[in-house]
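Okay, input.pdb is below, PDB, C-alpha atoms, pLDDT in the B column:
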ATOM      1  CA  MET A 479       6.881  48.117 -40.859  1.00 52.00           C
ATOM      2  CA  MET A 480       6.244  44.403 -40.398  1.00 55.00           C
ATOM      3  CA  GLY A 481       2.806  42.958 -40.090  1.00 57.00           C
ATOM      4  CA  PHE A 482       1.618  40.823 -37.195  1.00 56.00           C
ATOM      5  CA  ARG A 483       2.003  37.591 -39.150  1.00 60.00           C
ATOM      6  CA  GLU A 484       5.551  38.404 -40.174  1.00 57.00           C
ATOM      7  CA  GLU A 485       6.508  39.114 -36.539  1.00 59.00           C
ATOM      8  CA  ARG A 486       5.096  35.767 -35.469  1.00 61.00           C
ATOM      9  CA  ARG A 487       7.114  33.986 -38.168  1.00 60.00           C
ATOM     10  CA  GLU A 488      10.324  35.623 -37.002  1.00 60.00           C
ATOM     11  CA  ASP A 489       9.546  34.767 -33.367  1.00 60.00           C
ATOM     12  CA  ALA A 490       8.947  31.174 -34.371  1.00 58.00           C
ATOM     13  CA  ARG A 491      12.304  31.021 -36.150  1.00 60.00           C
ATOM     14  CA  GLN A 492      14.156  32.324 -33.127  1.00 63.00           C
ATOM     15  CA  ARG A 493      12.654  29.783 -30.740  1.00 63.00           C
ATOM     16  CA  THR A 494      14.465  26.593 -29.960  1.00 55.00           C
ATOM     17  CA  PRO A 495      12.781  23.253 -30.627  1.00 57.00           C
ATOM     18  CA  VAL A 496      10.531  22.048 -27.831  1.00 55.00           C
ATOM     19  CA  HIS A 497      12.426  18.809 -27.234  1.00 58.00           C
ATOM     20  CA  SER A 498      15.669  20.638 -26.464  1.00 56.00           C
ATOM     21  CA  VAL A 499      14.166  22.836 -23.724  1.00 57.00           C
ATOM     22  CA  ARG A 500      14.449  21.297 -20.250  1.00 62.00           C
ATOM     23  CA  ASP A 501      11.299  21.666 -18.236  1.00 69.00           C
ATOM     24  CA  ASP A 502      11.305  22.608 -14.565  1.00 75.00           C
ATOM     25  CA  VAL A 503       9.761  19.367 -13.286  1.00 77.00           C
ATOM     26  CA  ASP A 504      11.816  17.547 -10.654  1.00 85.00           C
ATOM     27  CA  TYR A 505      11.350  13.958 -11.790  1.00 88.00           C
ATOM     28  CA  ASP A 506      13.412  12.461  -8.957  1.00 89.00           C
ATOM     29  CA  HIS A 507      11.145  14.068  -6.384  1.00 91.00           C
ATOM     30  CA  ARG A 508       8.070  13.003  -8.325  1.00 92.00           C
ATOM     31  CA  HIS A 509       9.281   9.372  -8.441  1.00 94.00           C
ATOM     32  CA  PHE A 510       9.998   9.449  -4.697  1.00 95.00           C
ATOM     33  CA  VAL A 511       6.528  10.812  -3.893  1.00 96.00           C
ATOM     34  CA  ASN A 512       4.896   8.194  -6.129  1.00 97.00           C
ATOM     35  CA  LEU A 513       6.894   5.458  -4.405  1.00 97.00           C
ATOM     36  CA  CYS A 514       5.787   6.729  -0.987  1.00 98.00           C
ATOM     37  CA  ALA A 515       2.172   6.834  -2.146  1.00 98.00           C
ATOM     38  CA  ALA A 516       2.407   3.265  -3.460  1.00 98.00           C
ATOM     39  CA  ALA A 517       3.904   2.098  -0.133  1.00 98.00           C
ATOM     40  CA  ALA A 518       1.106   3.835   1.783  1.00 98.00           C
ATOM     41  CA  LEU A 519      -1.538   2.220  -0.423  1.00 98.00           C
ATOM     42  CA  LEU A 520       0.080  -1.184   0.045  1.00 98.00           C
ATOM     43  CA  ALA A 521       0.065  -0.699   3.831  1.00 97.00           C
ATOM     44  CA  LEU A 522      -3.616   0.291   3.706  1.00 98.00           C
ATOM     45  CA  ALA A 523      -4.446  -2.757   1.589  1.00 97.00           C
ATOM     46  CA  LEU A 524      -2.623  -5.084   3.995  1.00 97.00           C
ATOM     47  CA  GLY A 525      -4.363  -3.478   6.975  1.00 97.00           C
ATOM     48  CA  PHE A 526      -7.726  -3.817   5.269  1.00 97.00           C
ATOM     49  CA  GLY A 527      -7.061  -7.495   4.509  1.00 96.00           C
ATOM     50  CA  TRP A 528      -6.039  -8.171   8.101  1.00 95.00           C
ATOM     51  CA  THR A 529      -9.181  -6.416   9.392  1.00 96.00           C
ATOM     52  CA  VAL A 530     -11.431  -8.460   7.093  1.00 96.00           C
ATOM     53  CA  LYS A 531      -9.712 -11.659   8.268  1.00 95.00           C
ATOM     54  CA  ILE A 532     -10.276 -10.785  11.942  1.00 94.00           C
ATOM     55  CA  PHE A 533     -13.941  -9.935  11.313  1.00 94.00           C
ATOM     56  CA  ASP A 534     -14.403 -13.249   9.509  1.00 94.00           C
ATOM     57  CA  GLN A 535     -12.903 -15.163  12.435  1.00 91.00           C
ATOM     58  CA  GLN A 536     -15.195 -13.330  14.858  1.00 91.00           C
ATOM     59  CA  GLN A 537     -18.247 -14.096  12.713  1.00 93.00           C
ATOM     60  CA  ARG A 538     -17.348 -17.792  12.606  1.00 91.00           C
ATOM     61  CA  MET A 539     -16.965 -17.852  16.385  1.00 90.00           C
ATOM     62  CA  GLU A 540     -20.293 -16.054  16.868  1.00 90.00           C
ATOM     63  CA  ARG A 541     -22.129 -18.414  14.510  1.00 92.00           C
ATOM     64  CA  CYS A 542     -20.634 -21.405  16.287  1.00 90.00           C
ATOM     65  CA  LEU A 543     -21.657 -20.123  19.714  1.00 89.00           C
ATOM     66  CA  MET A 544     -25.146 -19.132  18.540  1.00 91.00           C
ATOM     67  CA  SER A 545     -25.705 -22.650  17.216  1.00 91.00           C
ATOM     68  CA  GLY A 546     -25.258 -23.976  20.750  1.00 88.00           C
ATOM     69  CA  ARG A 547     -21.904 -25.661  20.340  1.00 85.00           C
ATOM     70  CA  LYS A 548     -19.398 -25.510  23.153  1.00 80.00           C
ATOM     71  CA  ASP A 549     -16.248 -26.560  21.318  1.00 81.00           C
ATOM     72  CA  CYS A 550     -15.883 -23.382  19.281  1.00 81.00           C
ATOM     73  CA  VAL A 551     -12.478 -22.399  20.608  1.00 76.00           C
ATOM     74  CA  GLU A 552      -9.806 -22.854  17.984  1.00 69.00           C
ATOM     75  CA  ILE A 553      -7.084 -25.260  19.044  1.00 64.00           C
ATOM     76  CA  GLY A 554      -3.707 -23.558  19.258  1.00 62.00           C
ATOM     77  CA  ARG A 555      -1.430 -23.870  16.299  1.00 63.00           C
ATOM     78  CA  VAL A 556       1.783 -25.834  16.494  1.00 61.00           C
ATOM     79  CA  SER A 557       4.698 -23.514  17.062  1.00 62.00           C
ATOM     80  CA  ARG A 558       7.833 -24.015  15.035  1.00 67.00           C
ATOM     81  CA  GLY A 559      10.085 -22.827  17.833  1.00 66.00           C
ATOM     82  CA  PRO A 560      12.001 -24.921  20.340  1.00 71.00           C
ATOM     83  CA  VAL A 561      10.016 -27.450  22.346  1.00 66.00           C
ATOM     84  CA  GLN A 562       9.326 -26.333  25.887  1.00 67.00           C
ATOM     85  CA  LEU A 563       8.778 -29.120  28.367  1.00 66.00           C
ATOM     86  CA  PRO A 564       6.434 -28.457  31.267  1.00 67.00           C
ATOM     87  CA  GLN A 565       8.182 -27.890  34.557  1.00 70.00           C
ATOM     88  CA  ILE A 566       7.368 -30.380  37.284  1.00 70.00           C
ATOM     89  CA  VAL A 567       6.861 -28.752  40.623  1.00 66.00           C
ATOM     90  CA  SER A 568       8.071 -30.946  43.474  1.00 66.00           C
ATOM     91  CA  ARG A 569       6.602 -30.582  46.950  1.00 59.00           C
TER      92      ARG A 569
END

So, in terms of structure tokens, how does the structure I just supplied come out?
Amino acid sequence: MMGFREERREDARQRTPVHSVRDDVDYDHRHFVNLCAAAALLALALGFGWTVKIFDQQQRMERCLMSGRKDCVEIGRVSRGPVQLPQIVSR
């Protein structure tokens, strides 16, 4: 009759090395989920940055108006599209 230690030695000899056993983890799915999570975090970061920018613009406008100035409206930016000439209405 074999002792407990001798049984464990024989079991260890029969096992295959750990590096040759394929694990059951689906790495393609894991990479896809990580990519989706990174895209979601990037979208949240961009949304947060846009929100902070809008709040900053509103604070500037409020400070300008509270100081009593009347020229606080930001002048429109130059568009890079085609030039549109004003239409002259004839009567």

As an exercise, work out the distance from CA of Ala521 (chain A) to CA of His509 (chain A) in Å and give it to one decimal place. 18.4 Å

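When CA of Arg547 (chain A) is paired with CA of Gln535 (chain A), their separation reads 15.9 Å.
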
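Put simply, CA of Lys548 (chain A) is 26.6 Å away from CA of Trp528 (chain A).
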
Quick one: 5 Å padding each side, axis-aligned, all listed atoms of region 548-551 of chain A - centre and edge lengths in Å to one decimal, as AutoDock Vina command-line options?
--center_x -15.9 --center_y -24.5 --center_z 21.2 --size_x 16.9 --size_y 14.2 --size_z 13.9

With all atoms listed in the file as the counted atoms, please give the residues lying no more than 8 Å from Met539 (chain A), apart from itself and same-chain residues fewer than 4 positions off, as an mmCIF file with C-alpha atoms, in the coordinates of the input.
data_model
loop_
_atom_site.group_PDB
_atom_site.id
_atom_site.type_symbol
_atom_site.label_atom_id
_atom_site.label_comp_id
_atom_site.auth_asym_id
_atom_site.auth_seq_id
_atom_site.Cartn_x
_atom_site.Cartn_y
_atom_site.Cartn_z
ATOM 1 C CA GLN A 535 -12.903 -15.163 12.435
ATOM 2 C CA LEU A 543 -21.657 -20.123 19.714
ATOM 3 C CA CYS A 550 -15.883 -23.382 19.281
ATOM 4 C CA VAL A 551 -12.478 -22.399 20.608
#
